[in-house]
file input_14.csv (CSV, C-alpha atoms)
chain,number,residue,atom,x,y,z
A,52,MET,CA,24.8,-65.2,-80.6
A,53,LEU,CA,26.8,-66.4,-77.7
A,54,ARG,CA,24.2,-65.2,-75.3
A,55,GLN,CA,21.4,-67.0,-77.1
A,56,LEU,CA,23.5,-70.1,-77.1
A,57,LEU,CA,24.0,-69.9,-73.4
A,58,THR,CA,20.3,-69.3,-72.8
A,59,ALA,CA,19.4,-72.3,-74.9
A,60,SER,CA,21.9,-74.4,-73.0
A,61,VAL,CA,20.5,-73.4,-69.7
A,62,GLN,CA,17.0,-74.1,-71.0
A,63,CYS,CA,18.0,-77.5,-72.3
A,64,ALA,CA,19.7,-78.3,-68.9
A,65,ARG,CA,16.5,-77.3,-67.1
A,66,GLU,CA,14.4,-79.4,-69.4
A,67,TRP,CA,16.6,-82.4,-68.9
A,68,GLY,CA,16.6,-81.9,-65.1
A,69,THR,CA,12.8,-81.6,-65.2
A,70,MET,CA,12.6,-84.9,-67.1
A,71,ASN,CA,14.8,-87.0,-64.9
A,72,GLY,CA,14.0,-85.1,-61.7
A,73,THR,CA,17.5,-85.3,-60.2
A,74,HIS,CA,19.3,-82.0,-60.7
A,75,ILE,CA,16.4,-79.6,-59.9
A,76,LEU,CA,16.5,-77.2,-57.0
A,77,ILE,CA,13.2,-76.2,-55.6
A,78,SER,CA,13.1,-72.9,-53.7
A,79,LEU,CA,11.2,-72.9,-50.5
A,80,GLY,CA,9.3,-69.6,-50.4
A,81,GLY,CA,7.2,-70.1,-47.2
A,82,TYR,CA,9.5,-68.3,-44.8
A,83,VAL,CA,8.8,-64.8,-43.5
A,84,ASP,CA,11.7,-62.4,-43.0
A,85,VAL,CA,14.1,-65.3,-42.6
A,86,ASP,CA,17.1,-62.9,-42.9
A,87,LYS,CA,15.8,-60.7,-40.2
A,88,TYR,CA,14.7,-63.4,-37.8
A,89,ARG,CA,17.3,-66.1,-38.8
A,90,TYR,CA,18.5,-66.9,-35.2
A,91,VAL,CA,15.0,-66.7,-33.7
A,92,TYR,CA,13.9,-69.3,-36.2
A,93,PHE,CA,17.1,-71.4,-35.4
A,94,VAL,CA,16.7,-71.3,-31.6
A,95,LEU,CA,12.9,-72.0,-31.8
A,96,LEU,CA,13.2,-74.9,-34.2
A,97,LEU,CA,16.2,-76.4,-32.3
A,98,MET,CA,14.4,-76.2,-29.0
A,99,LEU,CA,11.3,-77.8,-30.4
A,100,TYR,CA,13.3,-80.6,-32.0
A,101,VAL,CA,15.1,-81.4,-28.8
A,102,LEU,CA,11.9,-81.4,-26.8
A,103,ILE,CA,10.2,-83.7,-29.3
A,104,LEU,CA,13.2,-86.1,-29.2
A,105,CYS,CA,13.3,-86.1,-25.4
A,106,CYS,CA,9.5,-86.5,-24.9
A,107,ASN,CA,9.1,-89.3,-27.4
A,108,CYS,CA,12.3,-91.1,-26.4
A,109,THR,CA,11.1,-91.0,-22.8
A,110,ILE,CA,7.8,-92.6,-23.6
A,111,ILE,CA,9.4,-95.3,-25.8
A,112,CYS,CA,12.1,-96.1,-23.1
A,113,LEU,CA,9.5,-96.3,-20.3
A,114,ILE,CA,7.4,-98.8,-22.3
A,115,TRP,CA,10.5,-100.7,-23.4
A,116,ILE,CA,12.0,-101.1,-19.9
A,117,HIS,CA,8.9,-101.8,-17.7
A,118,ARG,CA,7.3,-105.2,-18.4
A,119,ASN,CA,4.0,-104.0,-16.9
A,120,LEU,CA,3.7,-101.8,-19.9
A,121,HIS,CA,4.2,-104.6,-22.5
A,122,GLU,CA,0.5,-104.5,-23.4
A,123,PRO,CA,-1.1,-103.8,-26.8
A,124,MET,CA,-2.3,-100.3,-25.8
A,125,TYR,CA,1.1,-99.2,-24.7
A,126,ILE,CA,2.9,-100.9,-27.6
A,127,PHE,CA,0.7,-98.8,-30.0
A,128,ILE,CA,1.5,-95.7,-28.0
A,129,ALA,CA,5.2,-96.5,-28.4
A,130,ALA,CA,4.7,-97.0,-32.1
A,131,LEU,CA,3.0,-93.5,-32.3
A,132,SER,CA,6.0,-92.0,-30.5
A,133,LEU,CA,8.4,-93.8,-32.9
A,134,ASN,CA,6.4,-92.3,-35.8
A,135,SER,CA,6.8,-88.8,-34.2
A,136,LEU,CA,10.5,-89.3,-34.0
A,137,LEU,CA,10.8,-90.4,-37.6
A,138,PHE,CA,8.5,-87.6,-38.8
A,139,SER,CA,10.5,-84.9,-36.8
A,140,THR,CA,13.8,-86.3,-38.1
A,141,ALA,CA,12.5,-86.0,-41.6
A,142,ILE,CA,11.4,-82.4,-41.2
A,143,TYR,CA,13.3,-80.5,-38.5
A,144,PRO,CA,17.0,-81.0,-39.5
A,145,LYS,CA,16.2,-79.6,-42.9
A,146,LEU,CA,14.3,-76.7,-41.5
A,147,ILE,CA,17.2,-75.9,-39.2
A,148,LEU,CA,19.7,-76.0,-42.1
A,149,ASP,CA,17.4,-73.8,-44.2
A,150,VAL,CA,17.1,-71.0,-41.7
A,151,LEU,CA,20.9,-70.9,-41.4
A,152,SER,CA,21.3,-70.8,-45.2
A,153,HIS,CA,21.2,-67.8,-47.4
A,154,ARG,CA,19.1,-69.7,-49.8
A,155,GLN,CA,16.2,-72.0,-48.8
A,156,SER,CA,16.0,-74.7,-51.3
A,157,VAL,CA,15.7,-78.5,-51.7
A,158,SER,CA,16.5,-80.9,-54.5
A,159,HIS,CA,13.7,-82.6,-56.3
A,160,SER,CA,14.6,-86.1,-55.2
A,161,ALA,CA,15.0,-85.0,-51.5
A,162,CYS,CA,11.7,-83.2,-51.7
A,163,MET,CA,9.9,-86.3,-53.0
A,164,LEU,CA,11.5,-88.4,-50.2
A,165,GLN,CA,10.3,-85.9,-47.6
A,166,TYR,CA,6.8,-86.1,-49.3
A,167,LEU,CA,6.8,-89.9,-49.0
A,168,ILE,CA,7.9,-90.0,-45.4
A,169,PHE,CA,5.5,-87.1,-44.4
A,170,TYR,CA,2.3,-88.8,-45.7
A,171,SER,CA,3.3,-92.4,-45.0
A,172,LEU,CA,3.7,-91.6,-41.3
A,173,ALA,CA,0.6,-89.5,-41.3
A,174,GLY,CA,-1.4,-92.4,-42.6
A,175,SER,CA,0.3,-94.7,-40.2
A,176,ASP,CA,-0.8,-92.6,-37.3
A,177,PHE,CA,-4.4,-92.9,-38.3
A,178,LEU,CA,-4.2,-96.7,-38.6
A,179,LEU,CA,-2.4,-96.9,-35.2
A,180,LEU,CA,-5.1,-94.8,-33.6
A,181,SER,CA,-7.7,-97.2,-35.2
A,182,ALA,CA,-5.8,-100.2,-33.7
A,183,MET,CA,-5.8,-98.5,-30.3
A,184,ALA,CA,-9.6,-97.8,-30.6
A,185,PHE,CA,-10.2,-101.5,-31.4
A,186,ASP,CA,-8.0,-102.5,-28.4
A,187,ARG,CA,-10.1,-100.3,-26.1
A,188,TYR,CA,-13.3,-101.7,-27.6
A,189,VAL,CA,-12.3,-105.3,-27.0
A,190,SER,CA,-11.0,-104.5,-23.5
A,191,ILE,CA,-14.1,-102.7,-22.3
A,192,CYS,CA,-16.9,-104.3,-24.3
A,193,ARG,CA,-15.6,-107.9,-24.7
A,194,PRO,CA,-13.1,-108.4,-21.8
A,195,LEU,CA,-13.5,-112.2,-21.9
A,196,HIS,CA,-12.2,-112.3,-25.5
A,197,TYR,CA,-9.4,-109.8,-25.0
A,198,ALA,CA,-6.5,-112.2,-24.5
A,199,ALA,CA,-7.5,-114.2,-27.6
A,200,THR,CA,-8.2,-111.2,-29.8
A,201,MET,CA,-5.3,-109.0,-28.9
A,202,SER,CA,-2.6,-111.6,-29.0
A,203,THR,CA,1.1,-111.0,-29.8
A,204,THR,CA,0.5,-112.1,-33.4
A,205,SER,CA,-2.5,-109.8,-33.7
A,206,VAL,CA,-0.5,-106.8,-32.4
A,207,ALA,CA,2.3,-107.6,-34.9
A,208,ILE,CA,-0.1,-107.7,-37.8
A,209,PHE,CA,-1.7,-104.4,-36.7
A,210,LEU,CA,1.7,-102.8,-36.6
A,211,ALA,CA,2.8,-104.2,-40.0
A,212,VAL,CA,-0.4,-103.0,-41.7
A,213,ALA,CA,-0.2,-99.6,-40.0
A,214,TRP,CA,3.4,-99.1,-41.3
A,215,PHE,CA,3.4,-100.7,-44.7
A,216,LEU,CA,-0.1,-100.1,-46.1
A,217,PRO,CA,0.2,-96.2,-46.1
A,218,ALA,CA,3.8,-96.4,-47.4
A,219,CYS,CA,2.7,-98.5,-50.4
A,220,HIS,CA,-0.2,-96.2,-51.1
A,221,VAL,CA,1.9,-93.0,-50.9
A,222,LEU,CA,4.7,-94.6,-52.8
A,223,VAL,CA,2.5,-94.9,-55.9
A,224,ALA,CA,1.6,-91.2,-55.7
A,225,THR,CA,5.2,-90.2,-55.1
A,226,VAL,CA,6.5,-92.1,-58.2
A,227,ILE,CA,3.8,-90.6,-60.4
A,228,SER,CA,4.4,-87.1,-59.0
A,229,ALA,CA,8.2,-87.5,-59.5
A,230,LYS,CA,7.8,-88.3,-63.2
A,231,GLN,CA,5.8,-85.1,-63.9
A,232,LYS,CA,7.3,-82.3,-65.8
A,233,MET,CA,7.7,-79.1,-63.7
A,234,CYS,CA,7.1,-75.6,-65.0
A,235,ARG,CA,7.5,-73.8,-61.6
A,236,PHE,CA,10.3,-74.1,-59.1
A,237,VAL,CA,9.2,-72.0,-56.1
A,238,LEU,CA,7.2,-74.0,-53.5
A,239,ALA,CA,5.0,-71.8,-51.3
A,240,GLY,CA,5.9,-73.7,-48.1
A,241,ILE,CA,8.7,-74.6,-45.7
A,242,PHE,CA,8.7,-78.4,-46.5
A,243,CYS,CA,7.4,-80.7,-49.2
A,244,ASN,CA,3.7,-81.6,-49.0
A,245,ASN,CA,0.8,-81.6,-51.5
A,246,SER,CA,1.7,-78.1,-52.6
A,247,ILE,CA,4.4,-79.6,-54.8
A,248,GLN,CA,1.7,-80.7,-57.2
A,249,LYS,CA,1.1,-77.0,-58.0
A,250,LEU,CA,4.6,-76.9,-59.6
A,251,HIS,CA,3.7,-79.5,-62.3
A,252,CYS,CA,2.9,-78.3,-65.7
A,253,VAL,CA,0.0,-80.6,-66.0
A,254,LYS,CA,-1.6,-82.6,-63.1
A,255,PRO,CA,-2.7,-86.1,-64.4
A,256,MET,CA,-6.2,-87.2,-63.6
A,257,PHE,CA,-4.9,-90.5,-62.3
A,258,LEU,CA,-3.0,-88.7,-59.6
A,259,THR,CA,-6.1,-86.9,-58.4
A,260,VAL,CA,-8.2,-90.1,-58.4
A,261,TRP,CA,-5.4,-92.0,-56.6
A,262,GLY,CA,-5.1,-89.2,-54.0
A,263,LEU,CA,-8.8,-89.5,-53.2
A,264,PHE,CA,-8.4,-93.2,-53.0
A,265,VAL,CA,-5.5,-92.9,-50.5
A,266,LEU,CA,-7.3,-90.2,-48.5
A,267,THR,CA,-10.4,-92.5,-48.1
A,268,ASN,CA,-8.4,-95.7,-47.3
A,269,ILE,CA,-5.9,-94.3,-44.7
A,270,THR,CA,-7.8,-91.3,-43.3
A,271,LEU,CA,-11.5,-91.3,-43.7
A,272,ILE,CA,-12.2,-95.0,-43.1
A,273,PRO,CA,-10.0,-95.1,-40.0
A,274,VAL,CA,-11.6,-92.0,-38.5
A,275,LEU,CA,-15.1,-93.4,-39.1
A,276,PHE,CA,-14.0,-96.7,-37.5
A,277,ILE,CA,-12.6,-94.9,-34.5
A,278,LEU,CA,-15.7,-92.8,-34.0
A,279,PHE,CA,-17.9,-96.0,-34.3
A,280,THR,CA,-15.8,-97.9,-31.7
A,281,TYR,CA,-15.9,-95.1,-29.2
A,282,ILE,CA,-19.7,-94.7,-29.6
A,283,LYS,CA,-20.0,-98.4,-28.8
A,284,ILE,CA,-17.7,-98.0,-25.8
A,285,PHE,CA,-19.7,-95.0,-24.4
A,286,LEU,CA,-23.0,-96.8,-24.9
A,287,ALA,CA,-21.7,-99.9,-23.2
A,288,THR,CA,-20.3,-98.0,-20.2
A,289,TYR,CA,-23.3,-95.6,-19.9
A,290,HIS,CA,-25.3,-98.1,-17.8
A,291,SER,CA,-22.3,-99.4,-15.9
A,292,CYS,CA,-21.0,-98.4,-12.5
A,293,GLY,CA,-19.0,-95.2,-12.0
A,294,GLU,CA,-15.7,-97.0,-11.7
A,295,VAL,CA,-16.1,-98.6,-15.2
A,296,ARG,CA,-17.0,-95.2,-16.7
A,297,LYS,CA,-14.0,-93.6,-15.0
A,298,LYS,CA,-11.7,-96.3,-16.3
A,299,ALA,CA,-13.1,-96.0,-19.8
A,300,ALA,CA,-12.7,-92.2,-19.7
A,301,GLU,CA,-9.1,-92.4,-18.5
A,302,THR,CA,-8.1,-94.7,-21.4
A,303,CYS,CA,-10.2,-93.3,-24.2
A,304,LEU,CA,-10.0,-89.5,-23.5
A,305,PRO,CA,-6.2,-89.3,-24.5
A,306,HIS,CA,-7.0,-91.2,-27.7
A,307,LEU,CA,-9.8,-88.8,-28.6
A,308,MET,CA,-7.7,-85.8,-27.8
A,309,VAL,CA,-4.9,-87.0,-30.1
A,310,LEU,CA,-7.4,-87.9,-32.9
A,311,ILE,CA,-9.1,-84.5,-32.8
A,312,SER,CA,-5.8,-82.6,-32.9
A,313,PHE,CA,-4.3,-84.8,-35.6
A,314,SER,CA,-7.4,-84.5,-37.8
A,315,CYS,CA,-7.4,-80.7,-37.4
A,316,LEU,CA,-3.7,-80.7,-38.5
A,317,CYS,CA,-4.5,-82.8,-41.5
A,318,GLY,CA,-7.3,-80.4,-42.3
A,319,PHE,CA,-4.7,-77.6,-42.1
A,320,ASP,CA,-2.5,-79.4,-44.6
A,321,VAL,CA,-5.5,-79.7,-47.1
A,322,ILE,CA,-6.2,-76.0,-46.6
A,323,ILE,CA,-2.6,-75.0,-47.3
A,324,ALA,CA,-2.6,-77.1,-50.5
A,325,ARG,CA,-6.0,-76.1,-51.8
A,326,LEU,CA,-6.2,-72.4,-50.8
A,327,GLU,CA,-2.6,-71.5,-51.3
A,328,SER,CA,-3.3,-68.3,-53.3
A,329,ASP,CA,-6.0,-67.2,-50.8
A,330,LEU,CA,-3.8,-67.3,-47.7
A,331,SER,CA,-1.1,-64.8,-46.7
A,332,LYS,CA,2.5,-65.9,-46.3
A,333,THR,CA,2.4,-65.4,-42.5
A,334,VAL,CA,-0.8,-67.5,-42.1
A,335,ARG,CA,0.7,-70.3,-44.2
A,336,LEU,CA,3.9,-70.3,-42.1
A,337,ILE,CA,1.9,-70.5,-38.9
A,338,MET,CA,-0.2,-73.3,-40.1
A,339,SER,CA,2.8,-75.2,-41.4
A,340,LEU,CA,4.5,-74.9,-38.1
A,341,GLN,CA,1.4,-76.1,-36.3
A,342,ILE,CA,1.5,-79.3,-38.4
A,343,VAL,CA,5.1,-80.1,-37.5
A,344,VAL,CA,4.8,-79.0,-33.8
A,345,TYR,CA,1.5,-80.1,-32.2
A,346,ASN,CA,1.3,-83.8,-33.0
A,347,PRO,CA,5.0,-84.8,-32.4
A,348,LEU,CA,5.3,-82.7,-29.2
A,349,PHE,CA,1.9,-82.9,-27.5
A,350,ASN,CA,1.2,-86.6,-28.1
A,351,PRO,CA,3.8,-87.9,-25.6
A,352,ILE,CA,2.7,-85.2,-23.2
A,353,ILE,CA,-0.9,-86.2,-23.4
A,354,TYR,CA,-0.2,-89.9,-23.0
A,355,GLY,CA,2.4,-89.3,-20.3
A,356,VAL,CA,0.0,-87.1,-18.2
A,357,LYS,CA,-3.3,-88.8,-18.9
A,358,MET,CA,-2.3,-92.5,-18.9
A,359,LYS,CA,-2.0,-93.4,-15.2
A,360,GLU,CA,0.5,-96.3,-15.6
A,361,ILE,CA,2.9,-94.3,-17.8
A,362,TRP,CA,2.7,-91.3,-15.4
A,363,LYS,CA,3.5,-93.7,-12.4
A,364,PHE,CA,6.6,-95.1,-14.0
A,365,PHE,CA,7.7,-91.6,-15.1
A,366,ASN,CA,7.5,-90.4,-11.5
A,367,LYS,CA,9.5,-93.4,-10.4
A,368,ALA,CA,12.2,-92.9,-13.0
A,369,PHE,CA,12.7,-89.1,-12.9
A,370,ILE,CA,11.3,-88.0,-9.6
A,371,GLY,CA,11.8,-91.0,-7.4
A,372,GLU,CA,9.5,-92.7,-4.9
A,373,LYS,CA,11.3,-91.0,-1.9
A,374,SER,CA,10.7,-87.5,-3.3
A,375,ILE,CA,7.1,-88.4,-4.0
A,376,GLN,CA,6.6,-89.6,-0.5
A,377,GLU,CA,8.3,-86.6,1.0
A,378,PHE,CA,6.1,-84.3,-1.1
A,379,GLN,CA,3.0,-86.2,0.1
A,380,GLN,CA,4.1,-86.0,3.7
A,381,LEU,CA,4.8,-82.3,3.4
A,382,THR,CA,1.3,-81.7,1.8
A,383,ALA,CA,-0.3,-83.7,4.7
A,384,PHE,CA,1.6,-81.7,7.3
A,385,PHE,CA,0.5,-78.5,5.7
A,386,TRP,CA,-3.2,-79.4,5.9
A,387,VAL,CA,-2.8,-80.7,9.5
A,388,VAL,CA,-1.3,-77.3,10.5
A,389,ARG,CA,-4.0,-75.4,8.6
A,390,TYR,CA,-6.8,-77.3,10.4
A,391,ALA,CA,-5.1,-77.1,13.8
A,392,PHE,CA,-4.5,-73.4,13.6
A,393,PRO,CA,-7.5,-71.9,11.6
A,394,GLU,CA,-7.3,-68.3,10.5
A,395,LYS,CA,-9.7,-65.6,11.5
A,396,THR,CA,-10.1,-62.4,9.7
A,397,ARG,CA,-10.9,-59.1,11.4
A,398,TYR,CA,-11.4,-55.6,10.1
A,399,GLU,CA,-9.7,-52.7,11.7
A,400,ASN,CA,-10.0,-49.1,10.4
A,401,GLY,CA,-10.8,-50.5,6.9
A,402,ASP,CA,-7.7,-52.8,6.8
A,403,VAL,CA,-8.0,-56.5,6.7
A,404,THR,CA,-5.9,-58.3,9.3
A,405,THR,CA,-5.4,-62.1,9.5
A,406,VAL,CA,-5.1,-63.5,13.0
A,407,ARG,CA,-4.1,-67.1,13.7
A,408,THR,CA,-5.8,-68.6,16.7
A,409,THR,CA,-4.2,-71.4,18.9
A,410,GLY,CA,-6.9,-73.7,19.9
call {"tool": "encode", "arguments": {"input": "input_14.csv", "output": "structure tokens"}}
result
Amino acid sequence: MLRQLLTASVQCAREWGTMNGTHILISLGGYVDVDKYRYVYFVLLLMLYVLILCCNCTIICLIWIHRNLHEPMYIFIAALSLNSLLFSTAIYPKLILDVLSHRQSVSHSACMLQYLIFYSLAGSDFLLLSAMAFDRYVSICRPLHYAATMSTTSVAIFLAVAWFLPACHVLVATVISAKQKMCRFVLAGIFCNNSIQKLHCVKPMFLTVWGLFVLTNITLIPVLFILFTYIKIFLATYHSCGEVRKKAAETCLPHLMVLISFSCLCGFDVIIARLESDLSKTVRLIMSLQIVVYNPLFNPIIYGVKMKEIWKFFNKAFIGEKSIQEFQQLTAFFWVVRYAFPEKTRYENGDVTTVRTTG
């Protein structure tokens, strides 16, 4: 009798927690051999988090300090780096704590907050990439209208729309999802994404329709717009001189690289959510890690290396002009010596011998 009473009490408590969504603990079942590789996970995640913080903070600081980089394109790059910082801060500290804990779990409310931040920032990245594509289109195809079109007010509007529009869209889905009754409490992942909908007892049709609406508004339309603008840019520069084509390639290639990688990662997220039962645990873990590693870590590296102005200021800040000049002088001296004393190769008894001539 007492056992039945306790069982009923636990069941009632679970039902109540399910209804108000506050006292539920969701187990994260996406880790592989976490007890065996606990410290490997810890070191790897901590190193990645520190690298992401350093790389993105470097890009933001360089753009903030140098007035020559206070242009719309670089402001959008700084906004992307800020998104990467927020995204990583919403994911990595929890991952690090989970691998050090004996039980990997998250509260329902914290899970929904992570869900909101994850998809809001993802949508924001697509809209920022769209703004950057529009900036390149106006700069290359309509240079006389650039100053009027990409004014400070226009940039502020683009930033506001990129940050608040996805957040409002995802907030609706988050509120609806948070109110759903849960019948399962084990999430097949290492953080909260669309897979949480598989824990609901019943998935409402409105949530599915709204999800498609959000996907179209903040993902599909921006991608089509970006592709359209870059096609226009390439067509406009095709008949131009080589210098114009080179400049267009230098500024557009990093954006396309980021767009392709980010679109692939979003595709990974969809695959994880839709084909959860068809993927092994190891494959799901690898794909989940790719989502939280590639974009935040490689974006600042791509922009830092490929964007000539950012790379120039990076060299000045961290290497120094004197060191760069000394390296250039050393390289020039090496080539002078190489041409002044050419090498001749002779063969003796089957052995190759290099002789340096003097004149």
call {"tool": "closest_residue", "arguments": {"input": "input_14.csv", "among": "A:Ser160, A:Gln155, A:Ser339, A:Ser181", "to": "Tyr281 in chain A", "atoms": "all atoms listed in the file"}}
result
A:Ser181
call {"tool": "residues_around", "arguments": {"input": "input_14.csv", "residues": "Ser228 in chain A", "least_positions_apart": "6", "cutoff": "12 Å", "atoms": "only C-alpha atoms", "output": "PyMOL selection string"}}
result
chain A and resi 69-72+159-160+162-164+166-167+221-222+244-259+261-262
call {"tool": "atom_distance", "arguments": {"input": "input_14.csv", "atom1": "CA of Met308 in chain A", "atom2": "CA of Gly240 in chain A"}}
result
27.3 Å
call {"tool": "atom_distance", "arguments": {"input": "input_14.csv", "atom1": "CA of Ile342 in chain A", "atom2": "CA of Val237 in chain A"}}
result
20.6 Å
call {"tool": "atom_distance", "arguments": {"input": "input_14.csv", "atom1": "CA of Lys232 in chain A", "atom2": "CA of Arg154 in chain A"}}
result
23.5 Å
call {"tool": "residues_around", "arguments": {"input": "input_14.csv", "residues": "Ala207 in chain A", "least_positions_apart": "3", "cutoff": "12 Å", "atoms": "all atoms listed in the file", "output": "ChimeraX atom specification"}}
result
/A:123,126-127,130,179,182,201-204,210-214
call {"tool": "residues_around", "arguments": {"input": "input_14.csv", "residues": "Ala184 in chain A", "least_positions_apart": "5", "cutoff": "8 Å", "atoms": "only C-alpha atoms", "output": "list in words"}}
result
Ile277, Thr280, Tyr281, Cys303 and His306 of chain A
call {"tool": "write_last_selection", "arguments": {"input": "input_14.csv", "atoms": "C-alpha atoms", "output": "PDB file, in the coordinates of the input"}}
result
ATOM      1  CA  ILE A 277     -12.600 -94.900 -34.500  1.00  0.00           C
ATOM      2  CA  THR A 280     -15.800 -97.900 -31.700  1.00  0.00           C
ATOM      3  CA  TYR A 281     -15.900 -95.100 -29.200  1.00  0.00           C
ATOM      4  CA  CYS A 303     -10.200 -93.300 -24.200  1.00  0.00           C
ATOM      5  CA  HIS A 306      -7.000 -91.200 -27.700  1.00  0.00           C
TER       6      HIS A 306
END
call {"tool": "residues_around", "arguments": {"input": "input_14.csv", "residues": "Gly80 in chain A", "least_positions_apart": "4", "cutoff": "12 Å", "atoms": "only C-alpha atoms", "output": "ChimeraX atom specification"}}
result
/A:84-85,149-150,154-157,236-243,246-247,332-333,335-336
call {"tool": "closest_residue", "arguments": {"input": "input_14.csv", "among": "A:Ala229, A:Val344, A:Leu307, A:Ile191", "to": "Thr288 in chain A", "atoms": "all atoms listed in the file"}}
result
A:Ile191
call {"tool": "closest_residue", "arguments": {"input": "input_14.csv", "among": "A:Phe285, A:Phe264, A:Tyr197, A:Tyr125", "to": "Val223 in chain A", "atoms": "only C-alpha atoms"}}
result
A:Phe264
call {"tool": "decode", "arguments": {"input": "input_14.csv", "residues": "range 229-242 of chain A", "atoms": "N, CA, C and O atoms", "output": "PDB file, in the first residue's frame"}}
result
ATOM      1  N   ALA A 229       7.440  24.764 -24.998  1.00  0.00           N
ATOM      2  CA  ALA A 229       7.579  24.669 -23.538  1.00  0.00           C
ATOM      3  C   ALA A 229       6.274  24.259 -22.860  1.00  0.00           C
ATOM      4  O   ALA A 229       6.300  23.687 -21.766  1.00  0.00           O
ATOM      5  N   LYS A 230       5.152  24.546 -23.495  1.00  0.00           N
ATOM      6  CA  LYS A 230       3.850  24.226 -22.897  1.00  0.00           C
ATOM      7  C   LYS A 230       3.381  22.807 -23.193  1.00  0.00           C
ATOM      8  O   LYS A 230       2.348  22.380 -22.664  1.00  0.00           O
ATOM      9  N   GLN A 231       4.121  22.086 -24.034  1.00  0.00           N
ATOM     10  CA  GLN A 231       3.697  20.745 -24.408  1.00  0.00           C
ATOM     11  C   GLN A 231       4.018  19.738 -23.308  1.00  0.00           C
ATOM     12  O   GLN A 231       5.036  19.838 -22.624  1.00  0.00           O
ATOM     13  N   LYS A 232       3.138  18.767 -23.145  1.00  0.00           N
ATOM     14  CA  LYS A 232       3.339  17.704 -22.176  1.00  0.00           C
ATOM     15  C   LYS A 232       4.419  16.755 -22.687  1.00  0.00           C
ATOM     16  O   LYS A 232       4.449  16.399 -23.865  1.00  0.00           O
ATOM     17  N   MET A 233       5.303  16.342 -21.785  1.00  0.00           N
ATOM     18  CA  MET A 233       6.413  15.468 -22.152  1.00  0.00           C
ATOM     19  C   MET A 233       6.171  14.055 -21.653  1.00  0.00           C
ATOM     20  O   MET A 233       5.781  13.853 -20.501  1.00  0.00           O
ATOM     21  N   CYS A 234       6.408  13.081 -22.530  1.00  0.00           N
ATOM     22  CA  CYS A 234       6.271  11.672 -22.173  1.00  0.00           C
ATOM     23  C   CYS A 234       7.621  10.969 -22.101  1.00  0.00           C
ATOM     24  O   CYS A 234       7.713   9.856 -21.580  1.00  0.00           O
ATOM     25  N   ARG A 235       8.657  11.580 -22.661  1.00  0.00           N
ATOM     26  CA  ARG A 235      10.004  11.012 -22.614  1.00  0.00           C
ATOM     27  C   ARG A 235      10.949  12.059 -22.039  1.00  0.00           C
ATOM     28  O   ARG A 235      10.751  13.258 -22.230  1.00  0.00           O
ATOM     29  N   PHE A 236      12.012  11.582 -21.375  1.00  0.00           N
ATOM     30  CA  PHE A 236      12.887  12.500 -20.661  1.00  0.00           C
ATOM     31  C   PHE A 236      14.371  12.240 -20.962  1.00  0.00           C
ATOM     32  O   PHE A 236      15.227  12.649 -20.191  1.00  0.00           O
ATOM     33  N   VAL A 237      14.648  11.571 -22.066  1.00  0.00           N
ATOM     34  CA  VAL A 237      16.027  11.329 -22.496  1.00  0.00           C
ATOM     35  C   VAL A 237      16.202  11.925 -23.883  1.00  0.00           C
ATOM     36  O   VAL A 237      15.568  11.468 -24.847  1.00  0.00           O
ATOM     37  N   LEU A 238      17.042  12.952 -23.986  1.00  0.00           N
ATOM     38  CA  LEU A 238      17.297  13.633 -25.252  1.00  0.00           C
ATOM     39  C   LEU A 238      18.506  13.005 -25.925  1.00  0.00           C
ATOM     40  O   LEU A 238      19.584  12.907 -25.317  1.00  0.00           O
ATOM     41  N   ALA A 239      18.340  12.567 -27.146  1.00  0.00           N
ATOM     42  CA  ALA A 239      19.433  11.911 -27.878  1.00  0.00           C
ATOM     43  C   ALA A 239      20.361  12.963 -28.469  1.00  0.00           C
ATOM     44  O   ALA A 239      20.483  13.123 -29.687  1.00  0.00           O
ATOM     45  N   GLY A 240      21.033  13.720 -27.609  1.00  0.00           N
ATOM     46  CA  GLY A 240      21.944  14.764 -28.054  1.00  0.00           C
ATOM     47  C   GLY A 240      22.757  15.275 -26.885  1.00  0.00           C
ATOM     48  O   GLY A 240      22.607  14.820 -25.753  1.00  0.00           O
ATOM     49  N   ILE A 241      23.639  16.245 -27.167  1.00  0.00           N
ATOM     50  CA  ILE A 241      24.476  16.815 -26.116  1.00  0.00           C
ATOM     51  C   ILE A 241      24.059  18.243 -25.785  1.00  0.00           C
ATOM     52  O   ILE A 241      24.604  18.847 -24.859  1.00  0.00           O
ATOM     53  N   PHE A 242      23.116  18.806 -26.546  1.00  0.00           N
ATOM     54  CA  PHE A 242      22.534  20.101 -26.229  1.00  0.00           C
ATOM     55  C   PHE A 242      21.126  20.141 -26.802  1.00  0.00           C
ATOM     56  O   PHE A 242      20.711  19.234 -27.534  1.00  0.00           O
TER      57      PHE A 242
END
